[in-house]
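Q: Shown below is the structure under consideration.
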Amino acid sequence: MKKLVTILKRILQSICIIIIIIIIVAPILIYILNDRVANNTKKELLNVKLPNNTEIVDSISIAGKLTGNGNGMQYLGAILVKTDLSEEELKKYYNQYKKDEFSFLVEKQNSKKLKMIDNGSYWFEKYNENDREKYFTIYSWGESKKELLTEFDLRGH
């Protein structure tokens with residue numbers, strides 16, 4: 001009987017250790033996986049051929065609750081480009097890469113801050129005020145096919 005109690009104690013200890021590991025490791029793993037979805041969104045954007053006379057100055061990927069109300073994860077990739085093209089010319093160029101519901105948003109960039117994000121805590125590091133007339137941001141929203149990732153990441157709440 002004493003041996004059975006010892007075995008049960010070890011099993012209970014093992015279960016507690018496993019539960020603690022899951023509670024600690026799962027959120028970290030989900031955080032990393034959501035960042036990976038956002039980074040892949042940025043990579044898709046970076047893989048699109050740039051128009052002539054256009055260069056990439058900076059890029060960023062973000063995972064979290066970025067705009068609007070309520071709960072839910074959002075994934076954003078954005079590149080800051082420097083070009084002599086107009087906003088309309090850039091929009092026309094990037095519209096040719098539209099597929100299904102995936103499309104690019106083109107916006108004039110007048111400051112370091114990303115205007116697309118509600119909380120204002122994201123910006124381009126390499127933004128140069130002297131070239132402000134030539135800067136545009138190309139945005140792309142991504143999505144995760146794994147609901148588990150969106151429900152248990154605290155950044156989405």
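We name chains A, B, ... following the order of the structure tokens; residues begin at 1 in each chain, and ligands are numbered from 1 as shown.
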Could you give me, as CSV, every stretch 23-80 of chain A residue with an atom at most 8 Å from stretch 130-149 of chain A, plus its closest atom pair and distance in Å to one decimal, counting only C-alpha atoms, rows ordered by chain then number?
A:
residue,atom,partner,partner_atom,distance
A:Ile30,CA,A:Leu149,CA,5.6
A:Tyr31,CA,A:Leu149,CA,7.9
A:Leu33,CA,A:Leu149,CA,7.4
A:Asn34,CA,A:Leu149,CA,6.5
A:Val37,CA,A:Ser144,CA,6.5
A:Ala38,CA,A:Gly142,CA,6.6
A:Thr41,CA,A:Gly142,CA,5.3
A:Lys42,CA,A:Ser140,CA,7.3
A:Leu45,CA,A:Ser140,CA,6.9
A:Gln74,CA,A:Glu143,CA,7.0
A:Tyr75,CA,A:Gly142,CA,4.9
A:Leu76,CA,A:Trp141,CA,4.7
A:Gly77,CA,A:Ser140,CA,5.2
A:Ala78,CA,A:Tyr139,CA,4.4
A:Ile79,CA,A:Ile138,CA,5.3
A:Leu80,CA,A:Thr137,CA,4.6
Q: For stretch 50-53 of chain A, find every residue with an atom within 12 Å (counting only C-alpha atoms), except residues of its own chain fewer than 4 positions away, and show them as a ChimeraX atom specification.
A: /A:45-46,79-86,89-94,96-97,134,138
Q: For the residues selected in the previous step, produce a file with N, CA and C atoms as a PDB file, in the first residue's frame.
A:
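Wrote selection21.pdb, looks like this:
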ATOM      1  N   LEU A  45       5.089  40.849 -48.816  1.00  0.00           N
ATOM      2  CA  LEU A  45       5.170  42.218 -49.320  1.00  0.00           C
ATOM      3  C   LEU A  45       6.556  42.506 -49.892  1.00  0.00           C
ATOM      4  N   LEU A  46       7.585  42.070 -49.180  1.00  0.00           N
ATOM      5  CA  LEU A  46       8.961  42.296 -49.637  1.00  0.00           C
ATOM      6  C   LEU A  46       9.294  41.503 -50.898  1.00  0.00           C
ATOM      7  N   ILE A  79       5.982  48.236 -45.578  1.00  0.00           N
ATOM      8  CA  ILE A  79       7.298  48.681 -46.032  1.00  0.00           C
ATOM      9  C   ILE A  79       7.231  50.176 -46.316  1.00  0.00           C
ATOM     10  N   LEU A  80       8.304  50.841 -45.993  1.00  0.00           N
ATOM     11  CA  LEU A  80       8.463  52.253 -46.315  1.00  0.00           C
ATOM     12  C   LEU A  80       9.306  52.316 -47.576  1.00  0.00           C
ATOM     13  N   VAL A  81       8.759  52.934 -48.625  1.00  0.00           N
ATOM     14  CA  VAL A  81       9.497  53.042 -49.884  1.00  0.00           C
ATOM     15  C   VAL A  81       9.765  54.504 -50.204  1.00  0.00           C
ATOM     16  N   LYS A  82      10.837  54.708 -50.909  1.00  0.00           N
ATOM     17  CA  LYS A  82      11.197  56.040 -51.396  1.00  0.00           C
ATOM     18  C   LYS A  82      11.123  55.968 -52.914  1.00  0.00           C
ATOM     19  N   THR A  83      10.360  56.884 -53.498  1.00  0.00           N
ATOM     20  CA  THR A  83      10.137  56.818 -54.936  1.00  0.00           C
ATOM     21  C   THR A  83       9.821  58.196 -55.503  1.00  0.00           C
ATOM     22  N   ASP A  84       9.995  58.319 -56.810  1.00  0.00           N
ATOM     23  CA  ASP A  84       9.587  59.531 -57.520  1.00  0.00           C
ATOM     24  C   ASP A  84       8.176  59.381 -58.084  1.00  0.00           C
ATOM     25  N   LEU A  85       7.579  58.197 -57.946  1.00  0.00           N
ATOM     26  CA  LEU A  85       6.227  57.945 -58.450  1.00  0.00           C
ATOM     27  C   LEU A  85       5.197  58.638 -57.559  1.00  0.00           C
ATOM     28  N   SER A  86       4.026  58.875 -58.121  1.00  0.00           N
ATOM     29  CA  SER A  86       2.930  59.465 -57.344  1.00  0.00           C
ATOM     30  C   SER A  86       2.198  58.356 -56.589  1.00  0.00           C
ATOM     31  N   GLU A  89       0.172  56.305 -59.037  1.00  0.00           N
ATOM     32  CA  GLU A  89       0.991  55.373 -59.817  1.00  0.00           C
ATOM     33  C   GLU A  89       1.368  54.148 -58.985  1.00  0.00           C
ATOM     34  N   LEU A  90       1.685  54.357 -57.714  1.00  0.00           N
ATOM     35  CA  LEU A  90       2.008  53.230 -56.837  1.00  0.00           C
ATOM     36  C   LEU A  90       0.791  52.331 -56.618  1.00  0.00           C
ATOM     37  N   LYS A  91      -0.368  52.956 -56.405  1.00  0.00           N
ATOM     38  CA  LYS A  91      -1.594  52.171 -56.222  1.00  0.00           C
ATOM     39  C   LYS A  91      -1.881  51.331 -57.457  1.00  0.00           C
ATOM     40  N   LYS A  92      -1.753  51.925 -58.617  1.00  0.00           N
ATOM     41  CA  LYS A  92      -1.985  51.200 -59.862  1.00  0.00           C
ATOM     42  C   LYS A  92      -0.997  50.038 -59.993  1.00  0.00           C
ATOM     43  N   TYR A  93       0.259  50.293 -59.659  1.00  0.00           N
ATOM     44  CA  TYR A  93       1.281  49.249 -59.752  1.00  0.00           C
ATOM     45  C   TYR A  93       0.954  48.086 -58.815  1.00  0.00           C
ATOM     46  N   TYR A  94       0.631  48.373 -57.558  1.00  0.00           N
ATOM     47  CA  TYR A  94       0.393  47.298 -56.587  1.00  0.00           C
ATOM     48  C   TYR A  94      -0.958  46.618 -56.774  1.00  0.00           C
ATOM     49  N   GLN A  96      -2.012  45.417 -59.477  1.00  0.00           N
ATOM     50  CA  GLN A  96      -1.818  44.282 -60.382  1.00  0.00           C
ATOM     51  C   GLN A  96      -1.453  43.004 -59.628  1.00  0.00           C
ATOM     52  N   TYR A  97      -1.037  43.134 -58.364  1.00  0.00           N
ATOM     53  CA  TYR A  97      -0.669  41.968 -57.562  1.00  0.00           C
ATOM     54  C   TYR A  97      -1.803  41.502 -56.665  1.00  0.00           C
ATOM     55  N   LYS A 134       8.930  61.982 -50.791  1.00  0.00           N
ATOM     56  CA  LYS A 134       9.149  60.796 -51.621  1.00  0.00           C
ATOM     57  C   LYS A 134       8.791  59.500 -50.906  1.00  0.00           C
ATOM     58  N   ILE A 138       3.546  50.915 -47.981  1.00  0.00           N
ATOM     59  CA  ILE A 138       2.753  49.853 -48.592  1.00  0.00           C
ATOM     60  C   ILE A 138       2.404  48.892 -47.456  1.00  0.00           C
TER      61      ILE A 138
END
Q: Counting only C-alpha atoms, which residue out of A:Cys16, A:Ile21, A:Ile62, A:Ile56 sits closest to A:Asp35?
A: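 With only C-alpha atoms as the atom set, the closest residue is A:Ile62.
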Q: Report the residues of stretch 4-143 of chain A whose backbone DSSP state falls under helix (DSSP H, G or I), written as a tab-separated table (two decimals) with C-alpha atoms, in the first residue's frame.
A:
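Heads up, here's the output in states.tsv:
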chain	number	residue	atom	x	y	z
A	4	LEU	CA	1.07	2.53	-4.30
A	5	VAL	CA	0.81	5.85	-2.43
A	6	THR	CA	4.39	6.73	-3.46
A	7	ILE	CA	3.61	5.94	-7.10
A	8	LEU	CA	0.41	8.02	-6.98
A	9	LYS	CA	2.32	10.95	-5.44
A	10	ARG	CA	4.90	10.81	-8.25
A	11	ILE	CA	2.19	10.65	-10.89
A	12	LEU	CA	0.42	13.62	-9.31
A	13	GLN	CA	3.70	15.56	-9.11
A	14	SER	CA	4.42	14.77	-12.77
A	15	ILE	CA	0.96	15.94	-13.80
A	16	CYS	CA	1.40	19.19	-11.85
A	17	ILE	CA	4.80	19.81	-13.46
A	18	ILE	CA	3.36	19.15	-16.93
A	19	ILE	CA	0.45	21.54	-16.28
A	20	ILE	CA	2.83	24.26	-15.04
A	21	ILE	CA	5.05	23.81	-18.09
A	22	ILE	CA	2.03	24.06	-20.40
A	23	ILE	CA	0.81	27.21	-18.63
A	24	ILE	CA	4.24	28.83	-19.01
A	25	VAL	CA	5.31	27.53	-22.42
A	26	ALA	CA	2.00	27.75	-24.35
A	27	PRO	CA	1.63	31.55	-24.22
A	28	ILE	CA	5.26	32.03	-25.22
A	29	LEU	CA	4.88	29.59	-28.11
A	30	ILE	CA	1.63	31.25	-29.26
A	31	TYR	CA	3.31	34.67	-29.06
A	32	ILE	CA	6.18	33.43	-31.25
A	33	LEU	CA	3.84	31.78	-33.77
A	34	ASN	CA	1.72	34.94	-34.12
A	35	ASP	CA	4.86	37.02	-34.67
A	36	ARG	CA	5.80	34.51	-37.37
A	37	VAL	CA	2.44	35.03	-39.13
A	38	ALA	CA	3.04	38.81	-39.09
A	39	ASN	CA	6.60	38.36	-40.33
A	40	ASN	CA	5.37	36.16	-43.20
A	41	THR	CA	2.91	38.91	-44.12
A	42	LYS	CA	5.84	41.34	-44.36
A	43	LYS	CA	7.89	38.81	-46.37
A	44	GLU	CA	5.07	38.47	-48.93
A	45	LEU	CA	5.17	42.22	-49.32
A	46	LEU	CA	8.96	42.30	-49.64
A	87	GLU	CA	0.56	57.78	-54.91
A	88	GLU	CA	-1.81	56.98	-57.79
A	89	GLU	CA	0.99	55.37	-59.82
A	90	LEU	CA	2.01	53.23	-56.84
A	91	LYS	CA	-1.59	52.17	-56.22
A	92	LYS	CA	-1.98	51.20	-59.86
A	93	TYR	CA	1.28	49.25	-59.75
A	94	TYR	CA	0.39	47.30	-56.59
A	95	ASN	CA	-3.20	46.62	-57.73
A	129	GLU	CA	12.25	64.06	-42.59
A	130	ASN	CA	14.26	65.53	-45.48
A	131	ASP	CA	12.80	62.99	-47.94
A	132	ARG	CA	9.21	63.17	-46.68
A	133	GLU	CA	7.79	64.04	-50.15
A	134	LYS	CA	9.15	60.80	-51.62
Q: Go ahead and compute the interatomic distance for atom CA of A:Ser121 and atom CA of A:Val48, in Å to one decimal.
A: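 Computed distance, atom CA of A:Ser121 to atom CA of A:Val48, equals 26.6 Å.
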Q: Enumerate as an NGL selection string all residues of chain A assigned to strand (DSSP E) by DSSP on the backbone, naming them with the chain letters and numbers the document uses.
A: :A and (54-64 or 74-83 or 105-108 or 135-142)
Q: Write to file, as an mmCIF file, in the first residue's frame, the residues of the selection just made, with C-alpha atoms.
A:
data_model
loop_
_atom_site.group_PDB
_atom_site.id
_atom_site.type_symbol
_atom_site.label_atom_id
_atom_site.label_comp_id
_atom_site.auth_asym_id
_atom_site.auth_seq_id
_atom_site.Cartn_x
_atom_site.Cartn_y
_atom_site.Cartn_z
ATOM 1 C CA THR A 54 11.686 52.822 -56.053
ATOM 2 C CA GLU A 55 13.707 51.557 -53.110
ATOM 3 C CA ILE A 56 12.797 49.988 -49.774
ATOM 4 C CA VAL A 57 13.871 52.171 -46.867
ATOM 5 C CA ASP A 58 12.435 50.219 -43.939
ATOM 6 C CA SER A 59 9.995 47.429 -43.108
ATOM 7 C CA ILE A 60 7.996 46.296 -40.105
ATOM 8 C CA SER A 61 5.729 43.427 -39.067
ATOM 9 C CA ILE A 62 3.268 43.612 -36.185
ATOM 10 C CA ALA A 63 0.926 41.151 -34.466
ATOM 11 C CA GLY A 64 -1.721 42.299 -31.986
ATOM 12 C CA GLN A 74 -4.421 41.270 -36.501
ATOM 13 C CA TYR A 75 -1.268 40.843 -38.547
ATOM 14 C CA LEU A 76 0.324 43.681 -40.479
ATOM 15 C CA GLY A 77 3.301 43.901 -42.772
ATOM 16 C CA ALA A 78 4.444 47.314 -43.969
ATOM 17 C CA ILE A 79 7.298 48.681 -46.032
ATOM 18 C CA LEU A 80 8.463 52.253 -46.315
ATOM 19 C CA VAL A 81 9.497 53.042 -49.884
ATOM 20 C CA LYS A 82 11.197 56.040 -51.396
ATOM 21 C CA THR A 83 10.137 56.818 -54.936
ATOM 22 C CA LEU A 105 -2.743 49.496 -49.346
ATOM 23 C CA VAL A 106 -0.634 52.450 -50.464
ATOM 24 C CA GLU A 107 -0.458 55.598 -48.358
ATOM 25 C CA LYS A 108 1.647 58.755 -48.312
ATOM 26 C CA TYR A 135 7.998 58.378 -48.884
ATOM 27 C CA PHE A 136 5.058 56.013 -49.146
ATOM 28 C CA THR A 137 3.970 53.076 -47.035
ATOM 29 C CA ILE A 138 2.753 49.853 -48.592
ATOM 30 C CA TYR A 139 0.624 47.852 -46.125
ATOM 31 C CA SER A 140 -0.573 44.290 -46.210
ATOM 32 C CA TRP A 141 -2.924 42.646 -43.703
ATOM 33 C CA GLY A 142 -2.298 38.977 -42.986
#
Q: Quote the spacing between atom CA of A:Thr67 and atom CA of A:Lys126 in Å to one decimal place.
A: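 The value is 23.6 Å.
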